[in-house]
Number of protein chains: 2
Amino acid sequence: MKRQITSLSNPLIKEIRKLRNKKERDSSGTFFVEGIRAVGEALRTQQKIETIVYCPELLESDFGNHLVSEMSNDFEGLIEVPSDVFESFSLKEGPQGLAAVVRQAWSSLDDVTRDRGVWMALESIQDPGNLGTILRSLDAAGGKGVILLGQSTDPHHPSAVRASTGAIFTQKLIRVELTSFKEWKLETGYPLIGTYCGDVNPYRDYNYPQDLILMMGSEQKGLQEEHLTLCDALVTIPMNGSVDSLNVSVAASIVLFEIYYQKEREA
Amino acid sequence: MKRQITSLSNPLIKEIRKLRNKKERDSSGTFFVEGIRAVGEALRTQQKIETIVYCPELLESDFGNHLVSEMSNDFEGLIEVPSDVFESFSLKEGPQGLAAVVRQAWSSLDDVTRDRGVWMALESIQDPGNLGTILRSLDAAGGKGVILLGQSTDPHHPSAVRASTGAIFTQKLIRVELTSFKEWKLETGYPLIGTYCGDVNPYRDYNYPQDLILMMGSEQKGLQEEHLTLCDALVTIPMNGSVDSLNVSVAASIVLFEIYYQKEREA
């Protein structure tokens with residue numbers, strides 16, 4: 001059930017290369033993942049996988065070869081390529097010889113009310129690496145997913161996917177306009193906690209509810225007045241030193257792990 | 001006291017461009033910083049600045065122009081360039097028109113025993129962005145500096161400098177061989193706490209000493225046996241979810257902010 005492609009200019013290989021661009025990801029509704037662990041997570045979490053590409057010369061891992069041999073029985077999208085073809089779309093320095101094209105999965109705000117727990121809302125987050133790192137931390141802290149507001153970067157950008165180390169498949173992704181988010185918040189009353197640099201609750205002193213959305217602003221600007229007024233409470237991370245702020249994924253993780261700690265202590 | 005350079009092939013401009021490469025940074029003993037905030041921090045912390053380059057067309061900030069006019073009285077290394085020259089070495093998407101070449105400042109292990117407090121030791125950290133983010137968090141948590149062991153990346157790499165948001169100038173930098181670090185540790189008994197994925201103290205349950213070095217391993221491998229045996233204690237970050245680890249700068253920051261919290265509570 002596998003095909004072999006040896007040409008760099010094969011249309012399918014060209015399409016895989018194009019998935020680096022947001023426009024192509026948007027129009028195809030798919031994205032590219034690479035590496036044994038990431039492809040393994042896509043399979044484990046039963047993503048809709050369109051294509052799996054492997055390169056026998058590069059694929060040294062037993063686990064990777066096991067995945068491929070399992071797929072070869074009943075999966076139609078398995079493609080074998082030589083190393084020059086694999087390297088033409090690989091974004092890793094040492095390619096592992098396993099990659100996949102996966103259908104994007106988007107959730108809606110209804111999923112938040114249905115699958116209650118800890119979520120994050122990110123307003124205009126710019127850097128895909130930061131977004132991926134937040135997904136990774138959110139997964140590790142038992143979170144459910146992210147709500148992307150404003151001009152937030154694409155979670156399916158290769159840097160976001162890589163930094164998420166598989167959490168792109170375990171965390172739900174929602175993209176909504178701020179106006180829809182506001183309406184939904186007012187309607188459902190789902191607890192919303194904002195982070196803010198200023199004279200508000202230190203993040204350690206606040207008693208977090210069981211279900212909540214932790215809201216953070218962009219790397220440059222933080223949360224704006226229109227977001228802050230939506231929040232039920234604001235928390236801050238007290239700090240010292242001459243640098244007056246933290247990386248956004250670091251700040252998110254510090255608060256997420258306080259929330260996680262409080263939950264575990266109460267459990 | 002300022003010079004004007006308008007040629008892209010001027011030797012000084014070429015040298016600035018070359019500072020992207022570690023080899024050039026190593027041989028010149030300098031590095032490149034860019035942006036109003038970063039150059040401002042270099043001045044504020046009294047770094048040895050070799051050159052300041054500014055571009056009047058790009059420099060819109062009042063603070064930036066104020067810095068330049070202050071320098072123009074008595075600083076010999078001030079250079080004015082047109083925007084095409086500035087953009088030839090700029091690494092920012094929207095260049096602010098202010099950059100500097102700064103002499104690298106390295107400390108030694110004697111500085112740790114002299115300037116006691118919270119330090120980090122990083123074994124073979126790979127990604128310069130992660131190293132810069134750790135410097136930023138360390139500054140924010142009142143730390144003193146980093147000890148780079150093994151094949152650690154260069155803290156003066158442009159991505160590290162940028163991610164540090166100025167902490168490259170406030171945190172001390174030490175690079176030593178593991179054998180020298182071992183000898184120093186055994187001699188001084190400076191408390192060393194390692195982070196480890198396994199059945200050790202949860203990081204919240206451990207009572208951190210006033211002075212300590214927090215030690216972390218590389219992104220891929222964590223700490224190895226030879227490092228773990230050096231440590232006085234090991235701590236771990238309990239987590240949930242299918243991702244079984246955190247980004248190294250996130251993990252460092254979570255433990256650093258626990259240490260900071262304990263110190264502040266006791267103070």
# chains A, B, ... in the order shown; residues from 1 in each chain; ligands from 1
call {"tool": "select_by_dssp", "arguments": {"residues": "range 11-139 of chain B", "states": "strand (DSSP E or B)", "output": "ChimeraX atom specification"}}
result
/B:30-34,49-54,78-80,98-103,118-123
call {"tool": "interface_residues", "arguments": {"of": "chain B", "to": "chain A", "cutoff": "7 Å", "atoms": "only C-alpha atoms", "output": "list of chain:residue names"}}
result
B:Thr133, B:Arg136, B:Ser137, B:Asp139, B:Ala140, B:Ala141, B:Gly142, B:Gly166, B:Ala167, B:Met239, B:Asn240, B:Gly241, B:Ser242, B:Val243, B:Asp244, B:Leu246, B:Asn247, B:Val250, B:Ser253, B:Ile254
call {"tool": "residues_around", "arguments": {"residues": "Pro158 in chain B", "least_positions_apart": "3", "cutoff": "7 Å", "atoms": "only C-alpha atoms", "output": "list in words"}}
result
Arg20, Val161 and Arg162 of chain B
call {"tool": "residues_around", "arguments": {"residues": "Leu230 in chain B", "least_positions_apart": "5", "cutoff": "8 Å", "atoms": "only C-alpha atoms", "output": "list in words"}}
result
Lys182, Lys185 and Leu192 of chain B
call {"tool": "residues_around", "arguments": {"residues": "range 42-54 of chain B", "least_positions_apart": "5", "cutoff": "8 Å", "atoms": "only C-alpha atoms", "output": "PDB file with all heavy atoms, in the first residue's frame"}}
result
ATOM      1  N   LEU B  59      15.914  56.288  13.545  1.00  0.00           N
ATOM      2  CA  LEU B  59      15.856  56.490  14.998  1.00  0.00           C
ATOM      3  C   LEU B  59      14.767  57.510  15.346  1.00  0.00           C
ATOM      4  O   LEU B  59      14.990  58.722  15.304  1.00  0.00           O
ATOM      5  CB  LEU B  59      17.224  56.960  15.503  1.00  0.00           C
ATOM      6  CG  LEU B  59      17.413  57.007  17.020  1.00  0.00           C
ATOM      7  CD1 LEU B  59      17.184  55.655  17.665  1.00  0.00           C
ATOM      8  CD2 LEU B  59      18.812  57.518  17.362  1.00  0.00           C
ATOM      9  N   VAL B  68      22.061  59.275  21.884  1.00  0.00           N
ATOM     10  CA  VAL B  68      23.034  59.624  20.845  1.00  0.00           C
ATOM     11  C   VAL B  68      23.621  61.017  21.097  1.00  0.00           C
ATOM     12  O   VAL B  68      24.841  61.215  20.997  1.00  0.00           O
ATOM     13  CB  VAL B  68      22.398  59.544  19.436  1.00  0.00           C
ATOM     14  CG1 VAL B  68      23.309  60.159  18.381  1.00  0.00           C
ATOM     15  CG2 VAL B  68      22.095  58.084  19.080  1.00  0.00           C
ATOM     16  N   GLY B  77      33.571  56.487  19.502  1.00  0.00           N
ATOM     17  CA  GLY B  77      33.133  55.431  18.575  1.00  0.00           C
ATOM     18  C   GLY B  77      31.762  55.641  17.976  1.00  0.00           C
ATOM     19  O   GLY B  77      31.126  54.675  17.541  1.00  0.00           O
ATOM     20  N   LEU B  78      31.301  56.887  17.929  1.00  0.00           N
ATOM     21  CA  LEU B  78      29.949  57.134  17.411  1.00  0.00           C
ATOM     22  C   LEU B  78      29.954  57.248  15.890  1.00  0.00           C
ATOM     23  O   LEU B  78      30.720  58.014  15.318  1.00  0.00           O
ATOM     24  CB  LEU B  78      29.393  58.424  18.026  1.00  0.00           C
ATOM     25  CG  LEU B  78      27.911  58.717  17.788  1.00  0.00           C
ATOM     26  CD1 LEU B  78      27.023  57.642  18.401  1.00  0.00           C
ATOM     27  CD2 LEU B  78      27.556  60.084  18.369  1.00  0.00           C
ATOM     28  N   ILE B  79      29.085  56.496  15.245  1.00  0.00           N
ATOM     29  CA  ILE B  79      29.055  56.467  13.780  1.00  0.00           C
ATOM     30  C   ILE B  79      27.642  56.672  13.264  1.00  0.00           C
ATOM     31  O   ILE B  79      26.707  56.010  13.718  1.00  0.00           O
ATOM     32  CB  ILE B  79      29.628  55.121  13.258  1.00  0.00           C
ATOM     33  CG1 ILE B  79      31.114  55.050  13.596  1.00  0.00           C
ATOM     34  CG2 ILE B  79      29.409  54.969  11.764  1.00  0.00           C
ATOM     35  CD1 ILE B  79      31.712  53.685  13.409  1.00  0.00           C
ATOM     36  N   GLU B  80      27.519  57.572  12.332  1.00  0.00           N
ATOM     37  CA  GLU B  80      26.216  57.822  11.709  1.00  0.00           C
ATOM     38  C   GLU B  80      26.182  57.138  10.351  1.00  0.00           C
ATOM     39  O   GLU B  80      27.130  57.252   9.577  1.00  0.00           O
ATOM     40  CB  GLU B  80      26.014  59.338  11.547  1.00  0.00           C
ATOM     41  CG  GLU B  80      24.629  59.697  11.020  1.00  0.00           C
ATOM     42  CD  GLU B  80      24.493  61.199  10.750  1.00  0.00           C
ATOM     43  OE1 GLU B  80      24.748  62.002  11.678  1.00  0.00           O
ATOM     44  OE2 GLU B  80      24.156  61.538   9.603  1.00  0.00           O
ATOM     45  N   VAL B  81      25.100  56.407  10.083  1.00  0.00           N
ATOM     46  CA  VAL B  81      24.994  55.706   8.795  1.00  0.00           C
ATOM     47  C   VAL B  81      23.623  55.944   8.176  1.00  0.00           C
ATOM     48  O   VAL B  81      22.650  56.186   8.891  1.00  0.00           O
ATOM     49  CB  VAL B  81      25.216  54.171   8.951  1.00  0.00           C
ATOM     50  CG1 VAL B  81      26.600  53.851   9.480  1.00  0.00           C
ATOM     51  CG2 VAL B  81      24.142  53.537   9.836  1.00  0.00           C
ATOM     52  N   PHE B  86      22.604  50.647   7.711  1.00  0.00           N
ATOM     53  CA  PHE B  86      22.089  50.086   8.982  1.00  0.00           C
ATOM     54  C   PHE B  86      21.393  48.756   8.730  1.00  0.00           C
ATOM     55  O   PHE B  86      21.604  47.772   9.436  1.00  0.00           O
ATOM     56  CB  PHE B  86      21.132  51.072   9.673  1.00  0.00           C
ATOM     57  CG  PHE B  86      20.897  50.722  11.113  1.00  0.00           C
ATOM     58  CD1 PHE B  86      21.692  51.273  12.113  1.00  0.00           C
ATOM     59  CD2 PHE B  86      19.909  49.814  11.478  1.00  0.00           C
ATOM     60  CE1 PHE B  86      21.508  50.928  13.447  1.00  0.00           C
ATOM     61  CE2 PHE B  86      19.717  49.463  12.805  1.00  0.00           C
ATOM     62  CZ  PHE B  86      20.521  50.030  13.787  1.00  0.00           C
ATOM     63  N   GLY B  97      17.233  51.730  14.414  1.00  0.00           N
ATOM     64  CA  GLY B  97      18.249  52.723  14.085  1.00  0.00           C
ATOM     65  C   GLY B  97      19.305  52.949  15.147  1.00  0.00           C
ATOM     66  O   GLY B  97      20.014  53.964  15.112  1.00  0.00           O
ATOM     67  N   LEU B  98      19.452  52.026  16.091  1.00  0.00           N
ATOM     68  CA  LEU B  98      20.489  52.173  17.107  1.00  0.00           C
ATOM     69  C   LEU B  98      21.079  50.791  17.408  1.00  0.00           C
ATOM     70  O   LEU B  98      20.342  49.836  17.643  1.00  0.00           O
ATOM     71  CB  LEU B  98      19.918  52.792  18.389  1.00  0.00           C
ATOM     72  CG  LEU B  98      20.925  53.228  19.458  1.00  0.00           C
ATOM     73  CD1 LEU B  98      21.835  54.336  18.943  1.00  0.00           C
ATOM     74  CD2 LEU B  98      20.199  53.698  20.720  1.00  0.00           C
ATOM     75  N   ALA B  99      22.417  50.696  17.352  1.00  0.00           N
ATOM     76  CA  ALA B  99      23.084  49.421  17.595  1.00  0.00           C
ATOM     77  C   ALA B  99      24.461  49.696  18.182  1.00  0.00           C
ATOM     78  O   ALA B  99      24.945  50.837  18.133  1.00  0.00           O
ATOM     79  CB  ALA B  99      23.209  48.628  16.296  1.00  0.00           C
ATOM     80  N   ALA B 100      25.082  48.666  18.727  1.00  0.00           N
ATOM     81  CA  ALA B 100      26.407  48.863  19.313  1.00  0.00           C
ATOM     82  C   ALA B 100      27.240  47.597  19.202  1.00  0.00           C
ATOM     83  O   ALA B 100      26.715  46.487  19.118  1.00  0.00           O
ATOM     84  CB  ALA B 100      26.286  49.261  20.782  1.00  0.00           C
ATOM     85  N   VAL B 101      28.552  47.809  19.163  1.00  0.00           N
ATOM     86  CA  VAL B 101      29.496  46.696  19.295  1.00  0.00           C
ATOM     87  C   VAL B 101      30.091  46.814  20.703  1.00  0.00           C
ATOM     88  O   VAL B 101      30.646  47.859  21.068  1.00  0.00           O
ATOM     89  CB  VAL B 101      30.606  46.768  18.232  1.00  0.00           C
ATOM     90  CG1 VAL B 101      31.635  45.663  18.460  1.00  0.00           C
ATOM     91  CG2 VAL B 101      30.005  46.671  16.838  1.00  0.00           C
ATOM     92  N   VAL B 102      29.916  45.756  21.487  1.00  0.00           N
ATOM     93  CA  VAL B 102      30.269  45.785  22.906  1.00  0.00           C
ATOM     94  C   VAL B 102      31.301  44.708  23.193  1.00  0.00           C
ATOM     95  O   VAL B 102      31.244  43.619  22.618  1.00  0.00           O
ATOM     96  CB  VAL B 102      29.000  45.553  23.772  1.00  0.00           C
ATOM     97  CG1 VAL B 102      29.326  45.622  25.255  1.00  0.00           C
ATOM     98  CG2 VAL B 102      27.907  46.561  23.413  1.00  0.00           C
ATOM     99  N   ARG B 103      32.238  45.015  24.048  1.00  0.00           N
ATOM    100  CA  ARG B 103      33.250  44.039  24.444  1.00  0.00           C
ATOM    101  C   ARG B 103      32.611  42.971  25.331  1.00  0.00           C
ATOM    102  O   ARG B 103      31.831  43.283  26.224  1.00  0.00           O
ATOM    103  CB  ARG B 103      34.383  44.756  25.194  1.00  0.00           C
ATOM    104  CG  ARG B 103      35.607  43.909  25.457  1.00  0.00           C
ATOM    105  CD  ARG B 103      36.913  44.660  25.265  1.00  0.00           C
ATOM    106  NE  ARG B 103      37.207  44.894  23.862  1.00  0.00           N
ATOM    107  CZ  ARG B 103      37.700  43.971  23.029  1.00  0.00           C
ATOM    108  NH1 ARG B 103      37.988  42.758  23.456  1.00  0.00           N
ATOM    109  NH2 ARG B 103      37.918  44.257  21.757  1.00  0.00           N
ATOM    110  N   GLY B 166      18.372  42.486  27.493  1.00  0.00           N
ATOM    111  CA  GLY B 166      19.254  43.325  28.309  1.00  0.00           C
ATOM    112  C   GLY B 166      19.935  42.574  29.454  1.00  0.00           C
ATOM    113  O   GLY B 166      20.924  43.052  30.012  1.00  0.00           O
ATOM    114  N   PHE B 169      23.707  41.950  29.999  1.00  0.00           N
ATOM    115  CA  PHE B 169      24.581  42.928  30.649  1.00  0.00           C
ATOM    116  C   PHE B 169      24.496  42.907  32.169  1.00  0.00           C
ATOM    117  O   PHE B 169      25.361  43.452  32.839  1.00  0.00           O
ATOM    118  CB  PHE B 169      24.251  44.341  30.163  1.00  0.00           C
ATOM    119  CG  PHE B 169      24.413  44.525  28.691  1.00  0.00           C
ATOM    120  CD1 PHE B 169      23.377  44.990  27.915  1.00  0.00           C
ATOM    121  CD2 PHE B 169      25.628  44.214  28.076  1.00  0.00           C
ATOM    122  CE1 PHE B 169      23.533  45.160  26.547  1.00  0.00           C
ATOM    123  CE2 PHE B 169      25.791  44.382  26.715  1.00  0.00           C
ATOM    124  CZ  PHE B 169      24.740  44.851  25.945  1.00  0.00           C
ATOM    125  N   THR B 170      23.428  42.339  32.713  1.00  0.00           N
ATOM    126  CA  THR B 170      23.278  42.371  34.175  1.00  0.00           C
ATOM    127  C   THR B 170      23.696  41.057  34.813  1.00  0.00           C
ATOM    128  O   THR B 170      24.009  41.022  35.996  1.00  0.00           O
ATOM    129  CB  THR B 170      21.814  42.649  34.577  1.00  0.00           C
ATOM    130  OG1 THR B 170      20.989  41.591  34.063  1.00  0.00           O
ATOM    131  CG2 THR B 170      21.325  43.976  34.008  1.00  0.00           C
TER     132      THR B 170
END
call {"tool": "residues_around", "arguments": {"residues": "Leu148 in chain A", "least_positions_apart": "4", "cutoff": "8 Å", "atoms": "only C-alpha atoms", "output": "PDB file with N, CA, C and O atoms, in the first residue's frame"}}
result
ATOM      1  N   ALA A 121      -6.265  31.897  27.008  1.00  0.00           N
ATOM      2  CA  ALA A 121      -6.627  32.800  25.912  1.00  0.00           C
ATOM      3  C   ALA A 121      -5.421  33.688  25.639  1.00  0.00           C
ATOM      4  O   ALA A 121      -4.847  34.270  26.570  1.00  0.00           O
ATOM      5  N   LEU A 122      -5.006  33.751  24.387  1.00  0.00           N
ATOM      6  CA  LEU A 122      -3.828  34.536  24.013  1.00  0.00           C
ATOM      7  C   LEU A 122      -4.226  35.623  23.035  1.00  0.00           C
ATOM      8  O   LEU A 122      -4.799  35.349  21.977  1.00  0.00           O
ATOM      9  N   GLU A 123      -3.953  36.858  23.419  1.00  0.00           N
ATOM     10  CA  GLU A 123      -4.299  38.012  22.585  1.00  0.00           C
ATOM     11  C   GLU A 123      -3.079  38.406  21.756  1.00  0.00           C
ATOM     12  O   GLU A 123      -2.061  38.825  22.315  1.00  0.00           O
ATOM     13  N   SER A 124      -3.183  38.225  20.433  1.00  0.00           N
ATOM     14  CA  SER A 124      -2.142  38.690  19.509  1.00  0.00           C
ATOM     15  C   SER A 124      -0.737  38.222  19.853  1.00  0.00           C
ATOM     16  O   SER A 124       0.219  38.992  19.749  1.00  0.00           O
ATOM     17  N   SER A 152      -3.185  36.756  16.453  1.00  0.00           N
ATOM     18  CA  SER A 152      -2.255  35.749  16.960  1.00  0.00           C
ATOM     19  C   SER A 152      -1.639  34.958  15.822  1.00  0.00           C
ATOM     20  O   SER A 152      -2.255  34.740  14.787  1.00  0.00           O
ATOM     21  N   LEU A 173      -7.490  23.739  19.879  1.00  0.00           N
ATOM     22  CA  LEU A 173      -7.154  25.049  19.312  1.00  0.00           C
ATOM     23  C   LEU A 173      -8.429  25.748  18.870  1.00  0.00           C
ATOM     24  O   LEU A 173      -9.234  25.163  18.140  1.00  0.00           O
ATOM     25  N   ILE A 174      -8.586  26.978  19.327  1.00  0.00           N
ATOM     26  CA  ILE A 174      -9.771  27.763  18.972  1.00  0.00           C
ATOM     27  C   ILE A 174      -9.291  29.122  18.497  1.00  0.00           C
ATOM     28  O   ILE A 174      -8.395  29.709  19.093  1.00  0.00           O
ATOM     29  N   ARG A 175      -9.868  29.602  17.405  1.00  0.00           N
ATOM     30  CA  ARG A 175      -9.560  30.963  16.962  1.00  0.00           C
ATOM     31  C   ARG A 175     -10.878  31.719  16.832  1.00  0.00           C
ATOM     32  O   ARG A 175     -11.759  31.286  16.102  1.00  0.00           O
ATOM     33  N   VAL A 176     -11.030  32.794  17.582  1.00  0.00           N
ATOM     34  CA  VAL A 176     -12.271  33.592  17.507  1.00  0.00           C
ATOM     35  C   VAL A 176     -11.965  35.083  17.538  1.00  0.00           C
ATOM     36  O   VAL A 176     -10.906  35.501  18.017  1.00  0.00           O
TER      37      VAL A 176
END
call {"tool": "atom_distance", "arguments": {"atom1": "CA of Glu177 in chain A", "atom2": "CA of Glu219 in chain A"}}
result
19.1 Å
call {"tool": "closest_residue", "arguments": {"among": "B:Asn21, B:Thr179, B:Gln210, B:Thr30", "to": "Ala105 in chain B", "atoms": "only C-alpha atoms"}}
result
B:Thr30
call {"tool": "select_by_dssp", "arguments": {"residues": "range 54-241 of chain A", "states": "helix (DSSP H, G or I)", "output": "ChimeraX atom specification"}}
result
/A:62-74,83-89,109-114,128-140,158-164,167-170,178-188,225-228
call {"tool": "write_last_selection", "arguments": {"atoms": "C-alpha atoms", "output": "PDB file, in the first residue's frame"}}
result
ATOM      1  CA  ASP A  62      13.138   0.942  15.719  1.00  0.00           C
ATOM      2  CA  PHE A  63      10.013   2.710  16.920  1.00  0.00           C
ATOM      3  CA  GLY A  64       9.908   4.719  13.683  1.00  0.00           C
ATOM      4  CA  ASN A  65      10.303   1.626  11.533  1.00  0.00           C
ATOM      5  CA  HIS A  66       7.646  -0.143  13.575  1.00  0.00           C
ATOM      6  CA  LEU A  67       5.225   2.738  12.923  1.00  0.00           C
ATOM      7  CA  VAL A  68       5.916   2.557   9.194  1.00  0.00           C
ATOM      8  CA  SER A  69       5.462  -1.204   8.974  1.00  0.00           C
ATOM      9  CA  GLU A  70       2.160  -0.929  10.863  1.00  0.00           C
ATOM     10  CA  MET A  71       0.963   1.748   8.434  1.00  0.00           C
ATOM     11  CA  SER A  72       2.000  -0.207   5.353  1.00  0.00           C
ATOM     12  CA  ASN A  73      -0.894  -2.657   5.813  1.00  0.00           C
ATOM     13  CA  ASP A  74      -3.905  -0.443   5.611  1.00  0.00           C
ATOM     14  CA  SER A  83      17.107  11.182   1.234  1.00  0.00           C
ATOM     15  CA  ASP A  84      17.436  14.064  -1.251  1.00  0.00           C
ATOM     16  CA  VAL A  85      13.653  14.266  -1.523  1.00  0.00           C
ATOM     17  CA  PHE A  86      13.182  14.048   2.244  1.00  0.00           C
ATOM     18  CA  GLU A  87      15.773  16.719   2.869  1.00  0.00           C
ATOM     19  CA  SER A  88      14.059  19.020   0.361  1.00  0.00           C
ATOM     20  CA  PHE A  89      11.124  19.533   2.766  1.00  0.00           C
ATOM     21  CA  LEU A 109     -15.922  27.952  22.269  1.00  0.00           C
ATOM     22  CA  ASP A 110     -18.633  25.334  22.836  1.00  0.00           C
ATOM     23  CA  ASP A 111     -15.794  22.891  23.484  1.00  0.00           C
ATOM     24  CA  VAL A 112     -14.649  25.031  26.415  1.00  0.00           C
ATOM     25  CA  THR A 113     -18.035  24.827  28.141  1.00  0.00           C
ATOM     26  CA  ARG A 114     -18.246  21.119  27.301  1.00  0.00           C
ATOM     27  CA  PRO A 128       5.186  30.855  16.891  1.00  0.00           C
ATOM     28  CA  GLY A 129       7.938  29.389  19.107  1.00  0.00           C
ATOM     29  CA  ASN A 130       6.339  31.031  22.146  1.00  0.00           C
ATOM     30  CA  LEU A 131       2.925  29.687  21.168  1.00  0.00           C
ATOM     31  CA  GLY A 132       4.305  26.152  20.761  1.00  0.00           C
ATOM     32  CA  THR A 133       6.095  26.369  24.105  1.00  0.00           C
ATOM     33  CA  ILE A 134       2.848  27.473  25.782  1.00  0.00           C
ATOM     34  CA  LEU A 135       1.033  24.462  24.266  1.00  0.00           C
ATOM     35  CA  ARG A 136       3.775  22.190  25.648  1.00  0.00           C
ATOM     36  CA  SER A 137       3.488  23.709  29.153  1.00  0.00           C
ATOM     37  CA  LEU A 138      -0.309  23.656  29.031  1.00  0.00           C
ATOM     38  CA  ASP A 139      -0.259  19.948  28.241  1.00  0.00           C
ATOM     39  CA  ALA A 140       2.243  19.297  31.042  1.00  0.00           C
ATOM     40  CA  PRO A 158       6.536  24.809  11.749  1.00  0.00           C
ATOM     41  CA  SER A 159       8.226  26.581  14.699  1.00  0.00           C
ATOM     42  CA  ALA A 160       5.055  26.341  16.801  1.00  0.00           C
ATOM     43  CA  VAL A 161       4.560  22.676  15.929  1.00  0.00           C
ATOM     44  CA  ARG A 162       8.188  21.878  16.776  1.00  0.00           C
ATOM     45  CA  ALA A 163       8.182  23.802  20.074  1.00  0.00           C
ATOM     46  CA  SER A 164       4.950  22.071  21.124  1.00  0.00           C
ATOM     47  CA  ALA A 167       1.112  19.117  22.347  1.00  0.00           C
ATOM     48  CA  ILE A 168      -0.273  20.514  19.064  1.00  0.00           C
ATOM     49  CA  PHE A 169      -2.232  17.214  18.965  1.00  0.00           C
ATOM     50  CA  THR A 170      -3.335  17.032  22.597  1.00  0.00           C
ATOM     51  CA  LEU A 178     -12.639  39.271  20.393  1.00  0.00           C
ATOM     52  CA  THR A 179     -16.278  40.345  20.032  1.00  0.00           C
ATOM     53  CA  SER A 180     -17.456  36.703  19.892  1.00  0.00           C
ATOM     54  CA  PHE A 181     -15.241  35.844  22.853  1.00  0.00           C
ATOM     55  CA  LYS A 182     -16.717  38.748  24.835  1.00  0.00           C
ATOM     56  CA  GLU A 183     -20.271  37.648  24.076  1.00  0.00           C
ATOM     57  CA  TRP A 184     -19.499  34.069  25.009  1.00  0.00           C
ATOM     58  CA  LYS A 185     -17.816  35.127  28.260  1.00  0.00           C
ATOM     59  CA  LEU A 186     -20.765  37.307  29.288  1.00  0.00           C
ATOM     60  CA  GLU A 187     -23.199  34.536  28.419  1.00  0.00           C
ATOM     61  CA  THR A 188     -21.430  31.633  30.124  1.00  0.00           C
ATOM     62  CA  GLU A 225      -8.004  47.852  28.640  1.00  0.00           C
ATOM     63  CA  GLU A 226     -10.685  46.087  26.560  1.00  0.00           C
ATOM     64  CA  HIS A 227      -9.369  42.694  27.695  1.00  0.00           C
ATOM     65  CA  LEU A 228      -8.700  43.639  31.305  1.00  0.00           C
TER      66      LEU A 228
END
call {"tool": "atom_distance", "arguments": {"atom1": "CA of Pro191 in chain B", "atom2": "CA of Ala267 in chain B"}}
result
19.9 Å
call {"tool": "atom_distance", "arguments": {"atom1": "CA of Glu76 in chain B", "atom2": "CA of His157 in chain B"}}
result
25.7 Å
